[in-house]
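Source file protein-v6.tsv; content: TSV, C-alpha atoms.
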```
chain	number	residue	atom	x	y	z
V	1	MET	CA	73.27	101.23	14.82
V	2	SER	CA	73.52	98.16	12.60
V	3	LEU	CA	76.54	97.79	10.36
V	4	LEU	CA	74.35	96.26	7.65
V	5	GLU	CA	70.63	96.94	7.52
V	6	VAL	CA	68.31	95.46	4.89
V	7	ASP	CA	64.72	96.69	5.12
V	8	ARG	CA	61.76	95.34	3.11
V	9	LEU	CA	63.99	94.48	0.16
V	10	GLU	CA	62.35	93.65	-3.17
V	11	SER	CA	64.40	92.24	-6.05
V	12	PHE	CA	63.59	90.79	-9.45
V	13	TYR	CA	65.11	88.64	-12.17
V	14	GLY	CA	63.65	90.29	-15.24
V	15	ALA	CA	59.88	90.31	-14.75
V	16	SER	CA	60.00	87.60	-12.05
V	17	GLN	CA	60.01	88.85	-8.48
V	18	ALA	CA	62.35	86.89	-6.17
V	19	LEU	CA	62.32	88.95	-2.97
V	20	PHE	CA	59.07	90.25	-1.50
V	21	GLY	CA	60.21	92.15	1.57
V	22	VAL	CA	63.40	90.73	3.08
V	23	SER	CA	64.62	92.42	6.25
V	24	LEU	CA	67.75	91.61	8.23
V	25	ALA	CA	70.53	93.34	10.11
V	26	VAL	CA	74.09	92.67	11.22
V	27	ALA	CA	75.63	94.65	14.08
V	28	GLU	CA	79.32	95.34	14.57
V	29	GLY	CA	81.05	92.20	15.82
V	30	GLU	CA	77.96	90.04	15.34
V	31	VAL	CA	77.63	86.69	13.59
V	32	VAL	CA	74.28	86.44	11.80
V	33	ALA	CA	72.94	83.30	10.13
V	34	LEU	CA	70.81	83.70	7.00
V	35	MET	CA	68.81	80.52	6.61
V	36	GLY	CA	66.12	78.92	4.48
V	37	ARG	CA	65.51	76.05	2.12
V	38	ASN	CA	66.97	76.11	-1.39
V	39	GLY	CA	65.33	78.67	-3.65
V	40	MET	CA	63.94	80.84	-0.86
V	41	GLY	CA	66.00	83.95	-1.66
V	42	LYS	CA	69.23	83.72	0.32
V	43	THR	CA	71.62	84.10	-2.62
V	44	THR	CA	69.40	86.75	-4.21
V	45	THR	CA	69.56	88.72	-0.96
V	46	ILE	CA	73.35	88.51	-0.94
V	47	ARG	CA	73.57	89.48	-4.61
V	48	SER	CA	71.34	92.47	-3.91
V	49	VAL	CA	73.49	93.58	-0.98
V	50	LEU	CA	76.61	93.33	-3.16
V	51	GLY	CA	75.07	95.33	-6.00
V	52	LEU	CA	75.00	92.40	-8.41
V	53	ILE	CA	71.21	92.81	-8.59
V	54	ARG	CA	69.62	96.25	-8.48
V	55	PRO	CA	66.73	96.22	-5.97
V	56	ARG	CA	63.40	97.70	-7.00
V	57	GLY	CA	62.11	98.30	-3.50
V	58	GLY	CA	63.20	98.66	0.09
V	59	ARG	CA	66.56	99.88	1.31
V	60	ILE	CA	70.05	98.59	2.04
V	61	ALA	CA	72.35	100.57	4.33
V	62	PHE	CA	75.95	99.81	5.24
V	63	GLY	CA	77.75	101.80	7.89
V	64	GLY	CA	74.82	104.22	7.91
V	65	SER	CA	75.00	104.98	4.17
V	66	GLU	CA	72.50	103.86	1.55
V	67	ILE	CA	74.11	101.42	-0.89
V	68	ALA	CA	71.12	100.02	-2.82
V	69	GLY	CA	71.84	100.46	-6.52
V	70	MET	CA	75.52	101.28	-5.99
V	71	ARG	CA	78.04	99.61	-8.30
V	72	PRO	CA	79.55	96.37	-6.92
V	73	HIS	CA	83.15	97.60	-6.86
V	74	ARG	CA	82.15	100.64	-4.82
V	75	ILE	CA	80.27	98.47	-2.32
V	76	ALA	CA	83.30	96.21	-1.97
V	77	ARG	CA	85.52	99.20	-1.27
V	78	LEU	CA	83.22	100.24	1.57
V	79	GLY	CA	84.28	97.09	3.37
V	80	ILE	CA	82.17	94.08	2.39
V	81	GLY	CA	84.08	90.90	1.59
V	82	LEU	CA	82.51	87.83	-0.01
V	83	VAL	CA	83.37	84.15	0.18
V	84	PRO	CA	81.23	82.97	-2.75
V	85	GLU	CA	79.51	79.65	-3.12
V	86	GLY	CA	81.75	77.35	-5.17
V	87	ARG	CA	85.01	79.03	-4.01
V	88	ARG	CA	85.93	80.65	-7.39
V	89	CYS	CA	89.64	81.09	-6.78
V	90	PHE	CA	91.86	82.29	-9.62
V	91	PRO	CA	93.08	78.86	-10.86
V	92	ASN	CA	96.14	80.07	-12.76
V	93	LEU	CA	97.46	82.16	-9.87
V	94	THR	CA	99.42	80.80	-6.94
V	95	VAL	CA	98.10	80.82	-3.39
V	96	HIS	CA	100.26	83.87	-2.68
V	97	GLU	CA	99.04	85.67	-5.81
V	98	ASN	CA	95.39	84.93	-4.98
V	99	LEU	CA	95.85	86.41	-1.52
V	100	VAL	CA	97.59	89.60	-2.57
V	101	ALA	CA	95.51	90.24	-5.71
V	102	ALA	CA	92.80	92.15	-3.83
V	103	ALA	CA	94.68	92.94	-0.62
V	104	ARG	CA	94.04	96.19	1.21
V	105	LYS	CA	95.93	97.62	4.15
V	106	GLY	CA	94.74	96.50	7.57
V	107	VAL	CA	95.15	93.92	10.29
V	108	TRP	CA	94.73	90.99	7.89
V	109	THR	CA	98.03	90.23	6.19
V	110	GLU	CA	99.25	87.15	4.36
V	111	ALA	CA	101.12	86.09	7.51
V	112	ARG	CA	97.97	86.32	9.60
V	113	VAL	CA	95.90	84.42	7.02
V	114	THR	CA	98.45	81.60	6.91
V	115	GLU	CA	98.41	81.52	10.71
V	116	LEU	CA	94.65	80.97	10.50
V	117	PHE	CA	95.08	78.40	7.70
V	118	PRO	CA	98.58	76.87	7.93
V	119	ARG	CA	97.94	74.76	4.81
V	120	LEU	CA	97.95	77.93	2.73
V	121	GLY	CA	101.43	78.76	3.98
V	122	GLU	CA	102.61	75.27	3.07
V	123	ARG	CA	101.19	75.68	-0.44
V	124	ARG	CA	102.14	79.32	-0.96
V	125	ASP	CA	103.69	78.80	-4.40
V	126	GLN	CA	101.20	76.23	-5.73
V	127	PHE	CA	98.63	77.17	-8.34
V	128	ALA	CA	95.12	77.31	-6.93
V	129	SER	CA	94.00	74.75	-9.51
V	130	THR	CA	96.23	72.14	-7.83
V	131	LEU	CA	94.65	72.55	-4.39
V	132	SER	CA	91.98	70.27	-2.96
V	133	GLY	CA	88.45	71.60	-2.69
V	134	GLY	CA	88.88	72.24	1.02
V	135	GLU	CA	92.16	74.09	0.48
V	136	GLN	CA	90.52	76.22	-2.21
V	137	GLN	CA	87.78	77.11	0.28
V	138	MET	CA	90.41	78.14	2.81
V	139	LEU	CA	92.00	80.27	0.09
V	140	ALA	CA	88.63	81.88	-0.72
V	141	VAL	CA	88.17	82.80	2.94
V	142	GLY	CA	91.73	84.07	3.18
V	143	ARG	CA	91.37	86.14	0.01
V	144	ALA	CA	88.23	87.81	1.41
V	145	LEU	CA	90.00	88.55	4.70
V	146	MET	CA	92.92	90.15	2.81
V	147	THR	CA	90.52	92.90	1.72
V	148	ASN	CA	90.24	93.73	5.44
V	149	PRO	CA	86.45	93.90	5.34
V	150	ARG	CA	84.22	95.39	7.99
V	151	LEU	CA	81.73	92.65	7.09
V	152	ILE	CA	82.49	89.27	5.59
V	153	ILE	CA	79.74	87.25	3.88
V	154	LEU	CA	80.15	83.48	3.66
V	155	ASP	CA	77.80	81.87	1.16
V	156	GLU	CA	77.65	78.10	1.77
V	157	ALA	CA	81.29	78.08	2.90
V	158	THR	CA	81.22	74.41	3.94
V	159	GLU	CA	79.08	73.04	1.09
V	160	GLY	CA	80.41	69.74	-0.25
V	161	LEU	CA	83.52	69.66	1.92
V	162	ALA	CA	84.89	66.68	3.82
V	163	PRO	CA	84.03	66.64	7.55
V	164	VAL	CA	87.62	67.34	8.62
V	165	ILE	CA	87.76	70.43	6.35
V	166	ARG	CA	84.36	71.63	7.56
V	167	LYS	CA	85.72	71.40	11.08
V	168	ASP	CA	88.67	73.63	10.10
V	169	ILE	CA	86.39	76.20	8.44
V	170	TRP	CA	84.06	76.38	11.46
V	171	ALA	CA	87.08	76.71	13.77
V	172	ALA	CA	88.22	79.66	11.65
V	173	ILE	CA	84.77	81.25	11.88
V	174	ARG	CA	84.87	80.94	15.67
V	175	THR	CA	88.31	82.55	15.67
V	176	LEU	CA	87.01	85.43	13.54
V	177	LYS	CA	84.05	85.88	15.87
V	178	ALA	CA	86.34	86.00	18.90
V	179	ALA	CA	88.35	88.71	17.11
V	180	GLY	CA	85.20	90.81	16.67
V	181	GLN	CA	84.73	90.28	12.93
V	182	SER	CA	81.19	90.97	11.67
V	183	ILE	CA	79.94	87.96	9.71
V	184	LEU	CA	76.85	87.10	7.68
V	185	VAL	CA	76.86	83.36	7.02
V	186	VAL	CA	74.64	81.16	4.88
V	187	ASP	CA	74.87	77.47	5.66
V	188	LYS	CA	72.70	74.38	6.04
V	189	THR	CA	74.63	72.58	8.79
V	190	LEU	CA	72.56	73.69	11.78
V	191	ALA	CA	74.57	71.69	14.31
V	192	GLU	CA	77.63	73.82	13.51
V	193	LEU	CA	75.92	77.04	12.48
V	194	LEU	CA	73.61	77.66	15.42
V	195	PRO	CA	76.28	77.51	18.18
V	196	VAL	CA	78.34	80.24	16.48
V	197	ALA	CA	75.46	82.54	15.47
V	198	ASP	CA	74.27	85.43	17.63
V	199	ARG	CA	71.05	85.84	15.66
V	200	CYS	CA	69.21	84.05	12.86
V	201	PHE	CA	67.04	85.23	10.00
V	202	VAL	CA	64.99	82.69	8.06
V	203	LEU	CA	63.64	83.28	4.55
V	204	GLU	CA	60.57	81.62	3.09
V	205	LYS	CA	59.53	82.39	-0.50
V	206	GLY	CA	61.50	85.63	-0.60
V	207	THR	CA	60.25	86.98	2.73
V	208	THR	CA	61.75	87.10	6.22
V	209	VAL	CA	59.61	84.79	8.36
V	210	PHE	CA	61.79	84.49	11.46
V	211	GLU	CA	64.21	86.70	13.35
V	212	GLY	CA	65.65	85.73	16.69
V	213	THR	CA	68.34	83.97	18.66
V	214	PRO	CA	69.40	80.42	17.83
V	215	GLN	CA	67.72	79.34	21.06
V	216	ALA	CA	64.40	80.74	19.83
V	217	LEU	CA	64.62	78.67	16.64
V	218	THR	CA	62.83	75.68	18.10
V	219	PRO	CA	62.79	72.21	16.54
V	220	GLU	CA	59.23	72.91	15.40
V	221	LEU	CA	60.32	76.08	13.58
V	222	GLN	CA	63.32	74.30	12.11
V	223	ASP	CA	61.04	71.59	10.75
V	224	ARG	CA	58.57	74.14	9.38
V	225	TYR	CA	61.05	76.41	7.59
V	226	LEU	CA	64.23	74.37	7.16
V	227	GLY	CA	63.15	70.74	6.97
V	228	VAL	CA	63.17	68.79	3.73
```
This entry written out as structure tokens:
Amino acid sequence: MSLLEVDRLESFYGASQALFGVSLAVAEGEVVALMGRNGMGKTTTIRSVLGLIRPRGGRIAFGGSEIAGMRPHRIARLGIGLVPEGRRCFPNLTVHENLVAAARKGVWTEARVTELFPRLGERRDQFASTLSGGEQQMLAVGRALMTNPRLIILDEATEGLAPVIRKDIWAAIRTLKAAGQSILVVDKTLAELLPVADRCFVLEKGTTVFEGTPQALTPELQDRYLGV
């Protein structure tokens, strides 16, 4: 059974339909890449899964239970953690306060997060607003892990970061995968994304147009659905 299952999802912004039948699934311990050009429905899919948009068609199941239309805070409590695009740390809280603000009991503790990202331990008492963009992204990942999620969603986690920081983030994702963490990741850097993904789903105009292994996503398909 899939941990997360999205089936023929339809979502709207007002009267404008954005998703026309998106389907995807994430199994326990699997890393799934959600891909597509800008404006093809990736963020809308994530917002629908999280309850930030109420779907008008299809179904979303998590852990075998239907969650479509459920309030966002209830969905989060079921065990879905988000690393949002743009980081969105609490700027006037310290690194420590950001980490413990939404912490839940489990294997992920502040000590384990700072082991994954030593810079956060070094900057424990600094306000988030004083961190570099890359350090804020590490903090966003750490904050999501502190909720001890069954599934973590990373939305453009390496967008706009320096190469050395991107390397650190991808190393962390590989570590999480090795630990059996279920991950749904949206990213454009195929050279780093495809080696870590178990399966890929590609969206085109609000519809799933490809599902398969990274190896099945040929250069021709990449050019057709992901090229500029």
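All residues of protein, DNA or RNA that reach within 9 Å of Arg54 (chain V), judged by all atoms listed in the file and not counting those fewer than 5 positions away in the chain, are Ser11, Phe12, Arg47, Ser48, Val49, Ala68, Gly69 and Met70 of chain V.
With distances restricted to only C-alpha atoms, V:Val141 is the closest residue to Ile173 (chain V) from V:Ala191, V:Leu221, V:Leu50, V:Val141.
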Inset, instruction - List the residues sitting within 10 Å of (63.4, 76.5, -2.4) in the file's frame, using all atoms listed in the file, as a VMD selection string. - result: chain V and resid 36 to 42 203 to 206 226 228
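Nearest-residue note for Ile183 (chain V): choosing from V:Ala76, V:Gly29, V:Pro84, V:Glu5, the minimum distance belongs to V:Gly29, counting all atoms listed in the file.
The coordinates place CA of Arg71 (chain V) at 17.4 Å from CA of Tyr13 (chain V).
Across V:Ala128, V:Ile60, V:Ile80, V:Leu184, the tightest approach to Leu93 (chain V) is made by V:Ala128 when counting only C-alpha atoms.
Of the residues under consideration (V:Leu52, V:Val186, V:Leu34, V:Ala144), V:Val186 shows the shortest atom-to-atom contact distance to Glu85 (chain V) when counting only C-alpha atoms.
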Inset, instruction - Find the distance between CA of Val202 (chain V) and CA of Tyr225 (chain V) and write it in Å to one decimal. - result: 7.4 Å
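Across the model, the gap from CA of Gly227 (chain V) to CA of Glu30 (chain V) is 25.7 Å.
Of the residues listed (V:Gln222, V:Thr45, V:Ser65, V:Gln181), V:Gln222 shows the shortest atom-to-atom separation from Cys200 (chain V); distances use only C-alpha atoms.
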Legend entry - Test item: residues at most 12 Å from Leu4 (chain V), all atoms listed in the file, excluding those fewer than 5 positions along its chain, as a ChimeraX atom specification: /V:23-32,46,49-50,59-68,75,78-80,150-153,182-184
Legend entry - Nearest to Cys89 (chain V) by atom-to-atom distance, counting all atoms listed in the file, from V:Arg166, V:Arg8, V:Lys188, V:Arg143: V:Arg143
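Near region 167-171 of chain V, within a cut-off of 8 Å and counting all atoms listed in the file, sit the residues V:Met138, V:Ala157, V:Thr158, V:Pro163, V:Val164, V:Arg174, V:Thr175, V:Glu192, with same-chain residues fewer than 3 positions away left out.
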